[in-house]
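coords21.cif follows (mmCIF, C-alpha atoms):
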```cif
data_start
loop_
_atom_site.label_atom_id
_atom_site.label_comp_id
_atom_site.auth_asym_id
_atom_site.auth_seq_id
_atom_site.Cartn_x
_atom_site.Cartn_y
_atom_site.Cartn_z
CA MET A 17 49.24 -18.29 -99.23
CA THR A 18 46.93 -19.33 -102.04
CA VAL A 19 43.41 -18.13 -102.63
CA TYR A 20 42.11 -21.47 -101.33
CA ALA A 21 43.90 -20.99 -98.02
CA ILE A 22 42.41 -17.50 -97.69
CA LEU A 23 38.97 -18.95 -98.43
CA PHE A 24 39.52 -21.62 -95.80
CA TYR A 25 40.47 -19.12 -93.12
CA ILE A 26 37.52 -16.84 -93.91
CA LEU A 27 35.13 -19.78 -93.79
CA ALA A 28 36.67 -21.10 -90.58
CA GLY A 29 36.33 -17.71 -88.91
CA LEU A 30 32.74 -17.40 -90.11
CA ILE A 31 31.81 -20.86 -88.80
CA LEU A 32 33.42 -20.26 -85.43
CA ILE A 33 31.82 -16.82 -84.99
CA THR A 34 28.32 -17.95 -85.96
CA THR A 35 28.55 -21.07 -83.78
CA GLY A 36 29.82 -19.01 -80.87
CA LEU A 37 26.92 -16.58 -81.30
CA ALA A 38 24.49 -19.48 -81.60
CA ILE A 39 25.43 -21.18 -78.35
CA THR A 40 25.26 -17.97 -76.32
CA ARG A 41 21.86 -16.68 -77.50
CA ARG A 42 19.05 -16.71 -74.98
CA ASN A 43 16.37 -16.67 -77.65
CA MET A 44 16.36 -20.14 -79.22
CA VAL A 45 15.00 -18.91 -82.55
CA HIS A 46 18.15 -16.77 -82.91
CA THR A 47 20.22 -19.83 -82.05
CA VAL A 48 18.64 -21.75 -84.91
CA ILE A 49 19.16 -18.91 -87.38
CA TYR A 50 22.85 -18.57 -86.44
CA LEU A 51 23.26 -22.33 -86.72
CA VAL A 52 21.83 -22.26 -90.23
CA PHE A 53 24.58 -19.77 -91.10
CA SER A 54 27.13 -22.02 -89.44
CA PHE A 55 26.00 -25.06 -91.41
CA PHE A 56 26.04 -23.09 -94.65
CA GLY A 57 29.65 -22.22 -93.87
CA SER A 58 30.36 -25.88 -93.19
CA ALA A 59 28.81 -26.79 -96.53
CA MET A 60 31.09 -24.35 -98.35
CA LEU A 61 34.02 -25.78 -96.41
CA PHE A 62 33.05 -29.28 -97.56
CA TYR A 63 33.02 -28.07 -101.14
CA LEU A 64 36.44 -26.51 -100.66
CA LEU A 65 37.73 -29.80 -99.24
CA GLY A 66 36.52 -31.69 -102.30
CA ALA A 67 33.15 -33.11 -101.27
CA PRO A 68 30.42 -31.49 -103.40
CA LEU A 69 27.82 -34.19 -102.68
CA LEU A 70 28.30 -33.80 -98.95
CA ALA A 71 28.11 -30.03 -99.30
CA ALA A 72 24.69 -30.40 -100.91
CA LEU A 73 23.59 -32.90 -98.27
CA GLU A 74 24.78 -30.59 -95.50
CA VAL A 75 22.58 -27.78 -96.80
CA ILE A 76 19.60 -30.06 -97.43
CA ILE A 77 19.70 -32.16 -94.26
CA TYR A 78 21.47 -30.06 -91.62
CA ALA A 79 20.56 -26.50 -92.56
CA GLY A 80 17.25 -27.52 -94.10
CA ALA A 81 15.61 -30.44 -92.36
CA ILE A 82 17.19 -30.59 -88.92
CA MET A 83 17.13 -26.87 -88.21
CA ILE A 84 13.53 -26.56 -89.40
CA LEU A 85 12.67 -29.44 -87.05
CA PHE A 86 14.24 -27.47 -84.20
CA LEU A 87 12.29 -24.40 -85.24
CA PHE A 88 9.01 -26.36 -85.20
CA ILE A 89 9.71 -27.69 -81.73
CA ILE A 90 10.67 -24.26 -80.40
CA ILE A 91 7.49 -22.73 -81.82
CA MET A 92 5.45 -25.63 -80.42
CA MET A 93 6.89 -25.19 -76.92
CA ARG A 94 5.80 -21.56 -76.97
CA GLU A 95 7.74 -20.93 -73.81
CA GLU A 96 10.38 -18.49 -72.77
CA SER A 97 13.74 -20.05 -72.16
CA PRO A 98 13.76 -21.26 -68.54
CA GLU A 99 17.26 -19.96 -68.03
CA THR A 100 17.37 -16.94 -65.77
CA ARG A 101 21.14 -16.83 -66.01
CA LEU A 102 22.74 -18.10 -69.16
CA PHE A 103 25.85 -19.66 -67.67
CA VAL A 104 25.49 -21.00 -64.16
CA PRO A 105 28.94 -21.09 -62.47
CA ARG A 106 28.30 -24.53 -60.99
CA GLN A 107 27.92 -25.96 -64.49
CA TRP A 108 30.16 -23.49 -66.27
CA LEU A 109 33.34 -24.13 -64.28
CA PRO A 110 33.63 -27.91 -64.85
CA ALA A 111 32.79 -27.44 -68.52
CA ALA A 112 35.42 -24.73 -68.93
CA ALA A 113 38.05 -26.77 -67.07
CA ILE A 114 37.43 -29.90 -69.14
CA GLY A 115 37.23 -27.87 -72.34
CA LEU A 116 40.55 -26.13 -71.71
CA LEU A 117 42.17 -29.45 -70.82
CA TYR A 118 40.96 -31.01 -74.07
CA LEU A 119 42.05 -27.95 -76.03
CA ALA A 120 45.57 -28.13 -74.61
CA LEU A 121 45.77 -31.89 -75.20
CA GLY A 122 44.42 -31.57 -78.73
CA VAL A 123 46.87 -28.84 -79.73
CA LEU A 124 49.74 -30.86 -78.25
CA LEU A 125 48.63 -33.97 -80.13
CA ILE A 126 48.26 -32.14 -83.43
CA LEU A 127 51.66 -30.50 -83.05
CA SER A 128 53.47 -33.66 -81.99
CA ALA A 129 51.74 -36.37 -84.03
CA ASP A 130 52.45 -36.85 -87.70
CA PRO A 131 54.95 -34.44 -89.29
CA THR A 132 53.05 -34.67 -92.58
CA THR A 133 49.99 -33.02 -91.05
CA GLY A 134 51.88 -29.73 -91.30
CA GLU A 135 52.14 -29.87 -95.08
CA PRO A 136 49.47 -28.10 -97.11
CA MET A 137 46.96 -30.44 -98.69
CA LYS A 138 46.57 -30.75 -102.44
CA LEU A 139 43.34 -29.70 -104.03
CA ALA A 140 41.16 -32.62 -105.13
CA GLN A 141 37.50 -33.28 -105.72
CA ALA A 142 35.37 -36.41 -105.64
CA THR A 143 32.57 -36.19 -108.18
CA PRO A 144 29.17 -37.23 -106.81
CA ALA A 145 28.97 -40.10 -109.32
CA ALA A 146 32.34 -41.55 -108.31
CA PHE A 147 31.54 -41.10 -104.65
CA GLY A 148 28.16 -42.78 -104.97
CA GLU A 149 29.65 -45.72 -106.86
CA TYR A 150 32.34 -46.13 -104.21
CA LEU A 151 29.80 -45.86 -101.40
CA PHE A 152 27.50 -48.54 -102.79
CA ASN A 153 30.38 -50.85 -103.70
CA ALA A 154 32.48 -50.70 -100.56
CA HIS A 155 29.98 -49.76 -97.86
CA TRP A 156 26.69 -51.38 -98.91
CA LEU A 157 26.27 -53.18 -95.59
CA THR A 158 26.72 -49.94 -93.65
CA ILE A 159 24.11 -48.30 -95.86
CA GLU A 160 21.65 -51.07 -95.02
CA ILE A 161 22.39 -50.64 -91.32
CA ALA A 162 21.95 -46.86 -91.62
CA SER A 163 18.59 -47.33 -93.36
CA LEU A 164 17.53 -49.70 -90.58
CA LEU A 165 18.60 -47.08 -88.03
CA LEU A 166 16.50 -44.44 -89.79
CA LEU A 167 13.51 -46.82 -89.79
CA VAL A 168 13.96 -47.44 -86.07
CA ALA A 169 14.18 -43.68 -85.49
CA LEU A 170 10.97 -43.16 -87.49
CA ILE A 171 9.08 -45.79 -85.49
CA GLY A 172 10.52 -44.49 -82.22
CA ALA A 173 9.59 -40.90 -82.99
CA LEU A 174 6.05 -41.96 -83.93
CA HIS A 175 5.71 -43.98 -80.72
CA LEU A 176 7.05 -41.20 -78.51
CA GLY A 177 4.95 -38.57 -80.21
CA ARG A 178 1.63 -40.39 -79.77
CA GLU A 179 -0.92 -38.28 -77.96
CA GLY A 180 -2.47 -41.10 -75.90
CA LYS A 181 0.31 -42.07 -73.55
CA GLY A 182 1.46 -38.52 -72.89
CA GLY A 183 -2.11 -37.46 -72.10
CA ASP A 184 -2.76 -39.99 -69.35
CA ALA A 185 0.72 -39.46 -67.94
CA ARG A 186 -0.37 -35.99 -66.95
CA LYS A 187 -3.55 -37.41 -65.41
CA THR A 188 -1.65 -39.96 -63.34
CA GLU A 189 0.53 -37.18 -62.08
CA GLU A 190 -2.49 -35.26 -60.90
CA THR A 191 -3.97 -38.25 -59.07
CA SER A 192 -0.75 -39.30 -57.40
CA MET B 1062 47.29 -26.15 -102.26
CA ILE B 1063 44.93 -25.54 -99.39
CA VAL B 1064 45.88 -25.37 -95.71
CA PRO B 1065 47.65 -28.09 -93.70
CA TYR B 1066 45.44 -30.79 -92.22
CA SER B 1067 46.35 -29.66 -88.71
CA HIS B 1068 44.46 -26.40 -89.28
CA VAL B 1069 41.34 -28.36 -90.24
CA LEU B 1070 41.78 -30.43 -87.08
CA VAL B 1071 42.08 -27.28 -84.96
CA LEU B 1072 38.90 -25.87 -86.51
CA SER B 1073 36.96 -29.07 -85.92
CA GLY B 1074 38.36 -29.35 -82.39
CA LEU B 1075 37.25 -25.80 -81.56
CA LEU B 1076 33.79 -26.48 -82.98
CA PHE B 1077 33.57 -29.70 -80.98
CA LEU B 1078 34.49 -27.83 -77.80
CA MET B 1079 31.82 -25.21 -78.52
CA GLY B 1080 29.26 -27.97 -78.91
CA MET B 1081 30.44 -29.60 -75.70
CA VAL B 1082 30.23 -26.34 -73.76
CA CYS B 1083 26.74 -25.76 -75.15
CA ALA B 1084 25.61 -29.28 -74.20
CA THR B 1085 27.03 -29.12 -70.67
CA THR B 1086 26.26 -25.56 -69.57
CA ARG B 1087 22.89 -24.62 -71.04
CA ARG B 1088 19.89 -25.42 -68.87
CA ASN B 1089 17.54 -26.30 -71.67
CA LEU B 1090 16.96 -29.71 -73.24
CA ILE B 1091 16.70 -28.26 -76.74
CA MET B 1092 20.05 -26.51 -76.40
CA ILE B 1093 21.62 -29.80 -75.29
CA VAL B 1094 20.47 -31.43 -78.54
CA VAL B 1095 21.78 -28.39 -80.45
CA GLY B 1096 25.17 -28.95 -78.79
CA LEU B 1097 25.14 -32.58 -79.93
CA GLU B 1098 24.44 -31.46 -83.49
CA ILE B 1099 27.39 -29.05 -83.41
CA MET B 1100 29.66 -31.83 -82.14
CA LEU B 1101 28.56 -34.24 -84.89
CA ASN B 1102 29.13 -31.55 -87.51
CA ALA B 1103 32.63 -30.91 -86.16
CA ALA B 1104 33.41 -34.62 -86.42
CA SER B 1105 32.30 -34.74 -90.04
CA ILE B 1106 34.52 -31.72 -90.87
CA ALA B 1107 37.51 -33.64 -89.44
CA PHE B 1108 36.60 -36.74 -91.47
CA ILE B 1109 36.25 -34.82 -94.74
CA GLY B 1110 39.60 -33.12 -94.18
CA ALA B 1111 41.16 -36.53 -93.56
CA ALA B 1112 39.60 -37.86 -96.78
CA LEU B 1113 41.27 -35.03 -98.68
CA LYS B 1114 44.61 -35.49 -96.95
CA TRP B 1115 44.95 -39.20 -97.68
CA GLY B 1116 43.15 -39.10 -101.01
CA THR B 1117 40.63 -41.80 -100.16
CA LEU B 1118 36.86 -41.66 -100.11
CA ASP B 1119 36.48 -43.47 -96.79
CA GLY B 1120 36.36 -40.23 -94.81
CA GLN B 1121 33.53 -38.91 -96.96
CA ALA B 1122 31.68 -42.23 -96.54
CA VAL B 1123 31.94 -41.89 -92.76
CA ALA B 1124 30.74 -38.29 -93.00
CA ILE B 1125 27.62 -39.36 -94.89
CA PHE B 1126 26.86 -41.92 -92.17
CA ILE B 1127 27.40 -39.22 -89.54
CA ILE B 1128 24.72 -37.16 -91.28
CA ALA B 1129 22.34 -40.15 -91.25
CA VAL B 1130 22.99 -40.78 -87.56
CA ALA B 1131 22.50 -37.08 -86.80
CA ALA B 1132 19.13 -37.09 -88.54
CA ALA B 1133 18.01 -40.17 -86.57
CA GLU B 1134 19.35 -38.76 -83.32
CA VAL B 1135 17.66 -35.39 -83.68
CA SER B 1136 14.27 -36.91 -84.51
CA ILE B 1137 14.37 -39.21 -81.49
CA GLY B 1138 15.80 -36.50 -79.25
CA LEU B 1139 13.15 -33.95 -80.16
CA ALA B 1140 10.38 -36.55 -79.80
CA LEU B 1141 11.68 -37.30 -76.31
CA ILE B 1142 11.75 -33.59 -75.49
CA VAL B 1143 8.14 -33.23 -76.65
CA ALA B 1144 7.13 -36.23 -74.52
CA VAL B 1145 8.94 -34.76 -71.50
CA TYR B 1146 7.33 -31.36 -72.12
CA ARG B 1147 3.88 -32.95 -72.20
CA ARG B 1148 4.58 -34.79 -68.99
CA THR B 1149 6.16 -31.98 -66.94
CA GLY B 1150 5.40 -28.77 -68.83
CA SER B 1151 9.04 -27.75 -68.83
CA VAL B 1152 12.22 -28.30 -70.81
CA ASP B 1153 14.55 -27.54 -67.91
CA PRO B 1154 16.69 -30.57 -66.94
CA ALA B 1155 16.79 -29.39 -63.31
CA VAL B 1156 12.99 -29.60 -63.09
CA LEU B 1157 13.13 -33.18 -64.39
CA GLU B 1158 15.64 -34.09 -61.73
CA SER B 1159 13.46 -32.74 -58.92
CA ARG B 1160 10.29 -34.34 -60.34
CA SER B 1161 11.76 -37.81 -60.62
CA ALA B 1162 13.26 -37.71 -57.13
#
```
So that I can check it, write out the structure of this file as structure tokens.
Amino acid sequence: MTVYAILFYILAGLILITTGLAITRRNMVHTVIYLVFSFFGSAMLFYLLGAPLLAALEVIIYAGAIMILFLFIIIMMREESPETRLFVPRQWLPAAAIGLLYLALGVLLILSADPTTGEPMKLAQATPAAFGEYLFNAHWLTIEIASLLLLVALIGALHLGREGKGGDARKTEETS
Amino acid sequence: MIVPYSHVLVLSGLLFLMGMVCATTRRNLIMIVVGLEIMLNAASIAFIGAALKWGTLDGQAVAIFIIAVAAAEVSIGLALIVAVYRRTGSVDPAVLESRSA
């Protein structure tokens, strides 16, 4: 077992533990903090798997922007979590059954699929410059579509967040 | 030499399951969006492992688009949650169900 394999297993354990802690916390601020740890672990994993640019983007966008957005919303809600019991059996049992089924199927698939998946992978790294050149050469149309998607998301978020409509919605509820 | 690709797949599968359990069992709209984020992150881990295994950059390209989609999805999702919160004063999906009925 090489040092890279040991690093991988430590990182994998760290990611799984922090994610498991995050999804079981009742306090949503704690959830966000644990998820930041989880995404940092993912970023280090990306670096280990040869994607330094994506590692940086993971820290900047996931751990930075998205989690801070969650934190803003949680602070804005200023409300205790409505859950009296964390895992309601009526919702927990189907989720557990489906999850276990998928887990069994996934492990079976991984074991039975391609025999080369069992071989250790060679270490390689894509430099950010090479990756960027490849991205803009081979996937320029997808980049345009992604930028359009982000523009649509921006307009949609602005429209949904407008004060006017939400305000009179509450009034109509009172009158009805 | 790192680990076999199957170990990366198992890790990403476990993460995806955790996200799914979070999205289906928690009774809070914000936690549902958190579960979606965890699932998207698990998918990008699988793609980056695949990019390393086959020595092509396509997996990393897909991962970068997953990040873009996740950013768009979370902004829209949280804006929807804020709109719902303004309308009903709650982020509990069960309350929404009873209000709309």
What are the nearest atom pairs, with distances in Å to one decimal, for all residues of chain B that come at most 8 Å from chain A, using all atoms listed in the file, set out by chain and rising residue number as a Markdown table?
```
| residue | atom | partner | partner_atom | distance |
| --- | --- | --- | --- | --- |
| B:Met1062 | CA | A:Lys138 | CA | 4.7 |
| B:Ile1063 | CA | A:Ala21 | CA | 4.9 |
| B:Val1064 | CA | A:Pro136 | CA | 4.7 |
| B:Pro1065 | CA | A:Pro136 | CA | 3.9 |
| B:Tyr1066 | CA | A:Thr133 | CA | 5.2 |
| B:Ser1067 | CA | A:Thr133 | CA | 5.5 |
| B:Leu1070 | CA | A:Ile126 | CA | 7.6 |
| B:Val1071 | CA | A:Val123 | CA | 7.3 |
| B:Leu1072 | CA | A:Ala28 | CA | 6.7 |
| B:Gly1074 | CA | A:Gly122 | CA | 7.4 |
| B:Leu1075 | CA | A:Leu119 | CA | 7.6 |
| B:Leu1076 | CA | A:Leu32 | CA | 6.7 |
| B:Leu1078 | CA | A:Gly115 | CA | 6.1 |
| B:Met1079 | CA | A:Gly36 | CA | 6.9 |
| B:Gly1080 | CA | A:Ile39 | CA | 7.8 |
| B:Met1081 | CA | A:Gly115 | CA | 7.8 |
| B:Val1082 | CA | A:Ala111 | CA | 5.9 |
| B:Cys1083 | CA | A:Ile39 | CA | 5.7 |
| B:Thr1085 | CA | A:Ala111 | CA | 6.4 |
| B:Thr1086 | CA | A:Gln107 | CA | 5.4 |
| B:Arg1087 | CA | A:Phe103 | CA | 6.7 |
| B:Arg1088 | CA | A:Glu99 | CA | 6.1 |
| B:Asn1089 | CA | A:Pro98 | CA | 7.0 |
| B:Ile1091 | CA | A:Phe86 | CA | 7.9 |
| B:Met1092 | CA | A:Ile39 | CA | 7.8 |
| B:Gly1096 | CA | A:Ile39 | CA | 7.8 |
| B:Ile1106 | CA | A:Phe62 | CA | 7.3 |
| B:Ile1109 | CA | A:Leu65 | CA | 6.9 |
| B:Gly1110 | CA | A:Leu65 | CA | 6.3 |
| B:Leu1113 | CA | A:Leu65 | CA | 6.3 |
| B:Lys1114 | CA | A:Met137 | CA | 5.8 |
| B:Gly1116 | CA | A:Ala140 | CA | 7.9 |
| B:Leu1118 | CA | A:Phe147 | CA | 7.0 |
| B:Gln1121 | CA | A:Ala67 | CA | 7.2 |
| B:Ala1122 | CA | A:Leu151 | CA | 6.4 |
| B:Ala1124 | CA | A:Leu70 | CA | 7.8 |
| B:Ile1125 | CA | A:Leu70 | CA | 6.9 |
| B:Phe1126 | CA | A:Ala162 | CA | 7.0 |
| B:Ile1128 | CA | A:Ile77 | CA | 7.7 |
| B:Ala1129 | CA | A:Ala162 | CA | 6.7 |
| B:Val1130 | CA | A:Ala162 | CA | 7.4 |
| B:Ala1132 | CA | A:Ile82 | CA | 6.8 |
| B:Ala1133 | CA | A:Ala169 | CA | 5.3 |
| B:Glu1134 | CA | A:Ala169 | CA | 7.5 |
| B:Val1135 | CA | A:Ile82 | CA | 7.1 |
| B:Ser1136 | CA | A:Ala173 | CA | 6.3 |
| B:Ile1137 | CA | A:Ala173 | CA | 5.3 |
| B:Leu1139 | CA | A:Ile89 | CA | 7.3 |
| B:Ala1140 | CA | A:Ala173 | CA | 5.5 |
| B:Leu1141 | CA | A:Leu176 | CA | 6.4 |
| B:Val1143 | CA | A:Gly177 | CA | 7.2 |
| B:Ala1144 | CA | A:Gly182 | CA | 6.3 |
| B:Tyr1146 | CA | A:Met93 | CA | 7.8 |
| B:Arg1147 | CA | A:Gly182 | CA | 6.1 |
| B:Arg1148 | CA | A:Arg186 | CA | 5.5 |
| B:Thr1149 | CA | A:Arg186 | CA | 7.7 |
| B:Val1152 | CA | A:Pro98 | CA | 7.6 |
| B:Asp1153 | CA | A:Pro98 | CA | 6.4 |
```
Can you measure atom CA of A:Gly57 to atom CA of A:Leu27 for me? One decimal in Å is fine.
6.0 Å
Interatomic distance between atom CA of A:Pro144 and atom CA of A:Val75?
15.3 Å
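Reported to one decimal place, the separation of atom CA of A:Val52 from atom CA of A:Ile84 is 9.4 Å.
Closest approach to B:Ala1107 from the set B:Ile1127, B:Gly1138, B:Ala1084, B:Val1069 is made by B:Val1069, with distances taken over only C-alpha atoms.
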Give me stretch 26-62 of chain A with N, CA and C atoms filled in, as a PDB file, in the coordinates of the input.
```pdb
ATOM      1  N   ILE A  26      38.747 -17.637 -94.032  1.00  0.00           N
ATOM      2  CA  ILE A  26      37.520 -16.840 -93.910  1.00  0.00           C
ATOM      3  C   ILE A  26      36.355 -17.715 -93.481  1.00  0.00           C
ATOM      4  N   LEU A  27      36.234 -18.887 -94.137  1.00  0.00           N
ATOM      5  CA  LEU A  27      35.130 -19.780 -93.790  1.00  0.00           C
ATOM      6  C   LEU A  27      35.246 -20.272 -92.361  1.00  0.00           C
ATOM      7  N   ALA A  28      36.490 -20.598 -91.942  1.00  0.00           N
ATOM      8  CA  ALA A  28      36.670 -21.100 -90.580  1.00  0.00           C
ATOM      9  C   ALA A  28      36.267 -20.034 -89.562  1.00  0.00           C
ATOM     10  N   GLY A  29      36.697 -18.784 -89.819  1.00  0.00           N
ATOM     11  CA  GLY A  29      36.330 -17.710 -88.910  1.00  0.00           C
ATOM     12  C   GLY A  29      34.823 -17.516 -88.852  1.00  0.00           C
ATOM     13  N   LEU A  30      34.190 -17.573 -90.026  1.00  0.00           N
ATOM     14  CA  LEU A  30      32.740 -17.400 -90.110  1.00  0.00           C
ATOM     15  C   LEU A  30      32.021 -18.493 -89.320  1.00  0.00           C
ATOM     16  N   ILE A  31      32.464 -19.745 -89.497  1.00  0.00           N
ATOM     17  CA  ILE A  31      31.810 -20.860 -88.800  1.00  0.00           C
ATOM     18  C   ILE A  31      31.975 -20.705 -87.302  1.00  0.00           C
ATOM     19  N   LEU A  32      33.192 -20.367 -86.876  1.00  0.00           N
ATOM     20  CA  LEU A  32      33.420 -20.260 -85.430  1.00  0.00           C
ATOM     21  C   LEU A  32      32.612 -19.117 -84.831  1.00  0.00           C
ATOM     22  N   ILE A  33      32.557 -17.965 -85.531  1.00  0.00           N
ATOM     23  CA  ILE A  33      31.820 -16.820 -84.990  1.00  0.00           C
ATOM     24  C   ILE A  33      30.336 -17.135 -84.898  1.00  0.00           C
ATOM     25  N   THR A  34      29.778 -17.700 -85.991  1.00  0.00           N
ATOM     26  CA  THR A  34      28.320 -17.950 -85.960  1.00  0.00           C
ATOM     27  C   THR A  34      27.970 -19.033 -84.940  1.00  0.00           C
ATOM     28  N   THR A  35      28.841 -20.043 -84.791  1.00  0.00           N
ATOM     29  CA  THR A  35      28.550 -21.070 -83.780  1.00  0.00           C
ATOM     30  C   THR A  35      28.652 -20.481 -82.382  1.00  0.00           C
ATOM     31  N   GLY A  36      29.683 -19.637 -82.178  1.00  0.00           N
ATOM     32  CA  GLY A  36      29.820 -19.010 -80.870  1.00  0.00           C
ATOM     33  C   GLY A  36      28.628 -18.133 -80.526  1.00  0.00           C
ATOM     34  N   LEU A  37      28.124 -17.387 -81.528  1.00  0.00           N
ATOM     35  CA  LEU A  37      26.920 -16.580 -81.300  1.00  0.00           C
ATOM     36  C   LEU A  37      25.730 -17.475 -81.011  1.00  0.00           C
ATOM     37  N   ALA A  38      25.667 -18.615 -81.738  1.00  0.00           N
ATOM     38  CA  ALA A  38      24.490 -19.480 -81.600  1.00  0.00           C
ATOM     39  C   ALA A  38      24.394 -20.060 -80.195  1.00  0.00           C
ATOM     40  N   ILE A  39      25.525 -20.494 -79.630  1.00  0.00           N
ATOM     41  CA  ILE A  39      25.430 -21.180 -78.350  1.00  0.00           C
ATOM     42  C   ILE A  39      25.282 -20.214 -77.182  1.00  0.00           C
ATOM     43  N   THR A  40      25.414 -18.902 -77.434  1.00  0.00           N
ATOM     44  CA  THR A  40      25.260 -17.970 -76.320  1.00  0.00           C
ATOM     45  C   THR A  40      23.955 -17.188 -76.387  1.00  0.00           C
ATOM     46  N   ARG A  41      23.117 -17.426 -77.416  1.00  0.00           N
ATOM     47  CA  ARG A  41      21.860 -16.680 -77.500  1.00  0.00           C
ATOM     48  C   ARG A  41      20.872 -17.188 -76.468  1.00  0.00           C
ATOM     49  N   ARG A  42      20.097 -16.285 -75.905  1.00  0.00           N
ATOM     50  CA  ARG A  42      19.050 -16.710 -74.980  1.00  0.00           C
ATOM     51  C   ARG A  42      17.793 -17.098 -75.737  1.00  0.00           C
ATOM     52  N   ASN A  43      17.521 -16.366 -76.815  1.00  0.00           N
ATOM     53  CA  ASN A  43      16.370 -16.670 -77.650  1.00  0.00           C
ATOM     54  C   ASN A  43      16.720 -17.831 -78.584  1.00  0.00           C
ATOM     55  N   MET A  44      15.977 -18.942 -78.474  1.00  0.00           N
ATOM     56  CA  MET A  44      16.360 -20.140 -79.220  1.00  0.00           C
ATOM     57  C   MET A  44      16.119 -20.005 -80.716  1.00  0.00           C
ATOM     58  N   VAL A  45      15.203 -19.121 -81.113  1.00  0.00           N
ATOM     59  CA  VAL A  45      15.000 -18.910 -82.550  1.00  0.00           C
ATOM     60  C   VAL A  45      16.268 -18.293 -83.151  1.00  0.00           C
ATOM     61  N   HIS A  46      16.892 -17.361 -82.424  1.00  0.00           N
ATOM     62  CA  HIS A  46      18.150 -16.770 -82.910  1.00  0.00           C
ATOM     63  C   HIS A  46      19.240 -17.837 -82.992  1.00  0.00           C
ATOM     64  N   THR A  47      19.256 -18.728 -82.013  1.00  0.00           N
ATOM     65  CA  THR A  47      20.220 -19.830 -82.050  1.00  0.00           C
ATOM     66  C   THR A  47      20.098 -20.611 -83.351  1.00  0.00           C
ATOM     67  N   VAL A  48      18.844 -20.940 -83.702  1.00  0.00           N
ATOM     68  CA  VAL A  48      18.640 -21.750 -84.910  1.00  0.00           C
ATOM     69  C   VAL A  48      19.084 -20.989 -86.146  1.00  0.00           C
ATOM     70  N   ILE A  49      18.775 -19.676 -86.200  1.00  0.00           N
ATOM     71  CA  ILE A  49      19.160 -18.910 -87.380  1.00  0.00           C
ATOM     72  C   ILE A  49      20.686 -18.851 -87.508  1.00  0.00           C
ATOM     73  N   TYR A  50      21.379 -18.610 -86.386  1.00  0.00           N
ATOM     74  CA  TYR A  50      22.850 -18.570 -86.440  1.00  0.00           C
ATOM     75  C   TYR A  50      23.410 -19.931 -86.842  1.00  0.00           C
ATOM     76  N   LEU A  51      22.764 -21.006 -86.359  1.00  0.00           N
ATOM     77  CA  LEU A  51      23.260 -22.330 -86.720  1.00  0.00           C
ATOM     78  C   LEU A  51      23.075 -22.615 -88.200  1.00  0.00           C
ATOM     79  N   VAL A  52      21.995 -22.093 -88.786  1.00  0.00           N
ATOM     80  CA  VAL A  52      21.830 -22.260 -90.230  1.00  0.00           C
ATOM     81  C   VAL A  52      23.000 -21.618 -90.962  1.00  0.00           C
ATOM     82  N   PHE A  53      23.411 -20.411 -90.500  1.00  0.00           N
ATOM     83  CA  PHE A  53      24.580 -19.770 -91.100  1.00  0.00           C
ATOM     84  C   PHE A  53      25.822 -20.639 -90.920  1.00  0.00           C
ATOM     85  N   SER A  54      25.964 -21.185 -89.724  1.00  0.00           N
ATOM     86  CA  SER A  54      27.130 -22.020 -89.440  1.00  0.00           C
ATOM     87  C   SER A  54      27.179 -23.236 -90.354  1.00  0.00           C
ATOM     88  N   PHE A  55      26.015 -23.861 -90.572  1.00  0.00           N
ATOM     89  CA  PHE A  55      26.000 -25.060 -91.410  1.00  0.00           C
ATOM     90  C   PHE A  55      26.192 -24.706 -92.882  1.00  0.00           C
ATOM     91  N   PHE A  56      25.727 -23.525 -93.289  1.00  0.00           N
ATOM     92  CA  PHE A  56      26.040 -23.090 -94.650  1.00  0.00           C
ATOM     93  C   PHE A  56      27.546 -22.933 -94.822  1.00  0.00           C
ATOM     94  N   GLY A  57      28.193 -22.342 -93.807  1.00  0.00           N
ATOM     95  CA  GLY A  57      29.650 -22.220 -93.870  1.00  0.00           C
ATOM     96  C   GLY A  57      30.317 -23.574 -93.941  1.00  0.00           C
ATOM     97  N   SER A  58      29.805 -24.529 -93.156  1.00  0.00           N
ATOM     98  CA  SER A  58      30.360 -25.880 -93.190  1.00  0.00           C
ATOM     99  C   SER A  58      30.191 -26.486 -94.581  1.00  0.00           C
ATOM    100  N   ALA A  59      29.045 -26.237 -95.196  1.00  0.00           N
ATOM    101  CA  ALA A  59      28.810 -26.790 -96.530  1.00  0.00           C
ATOM    102  C   ALA A  59      29.822 -26.242 -97.535  1.00  0.00           C
ATOM    103  N   MET A  60      30.090 -24.922 -97.435  1.00  0.00           N
ATOM    104  CA  MET A  60      31.090 -24.350 -98.350  1.00  0.00           C
ATOM    105  C   MET A  60      32.473 -24.911 -98.063  1.00  0.00           C
ATOM    106  N   LEU A  61      32.740 -25.170 -96.784  1.00  0.00           N
ATOM    107  CA  LEU A  61      34.020 -25.780 -96.410  1.00  0.00           C
ATOM    108  C   LEU A  61      34.141 -27.179 -97.016  1.00  0.00           C
ATOM    109  N   PHE A  62      33.032 -27.939 -96.970  1.00  0.00           N
ATOM    110  CA  PHE A  62      33.050 -29.280 -97.560  1.00  0.00           C
ATOM    111  C   PHE A  62      33.347 -29.198 -99.047  1.00  0.00           C
TER     112      PHE A  62
END
```
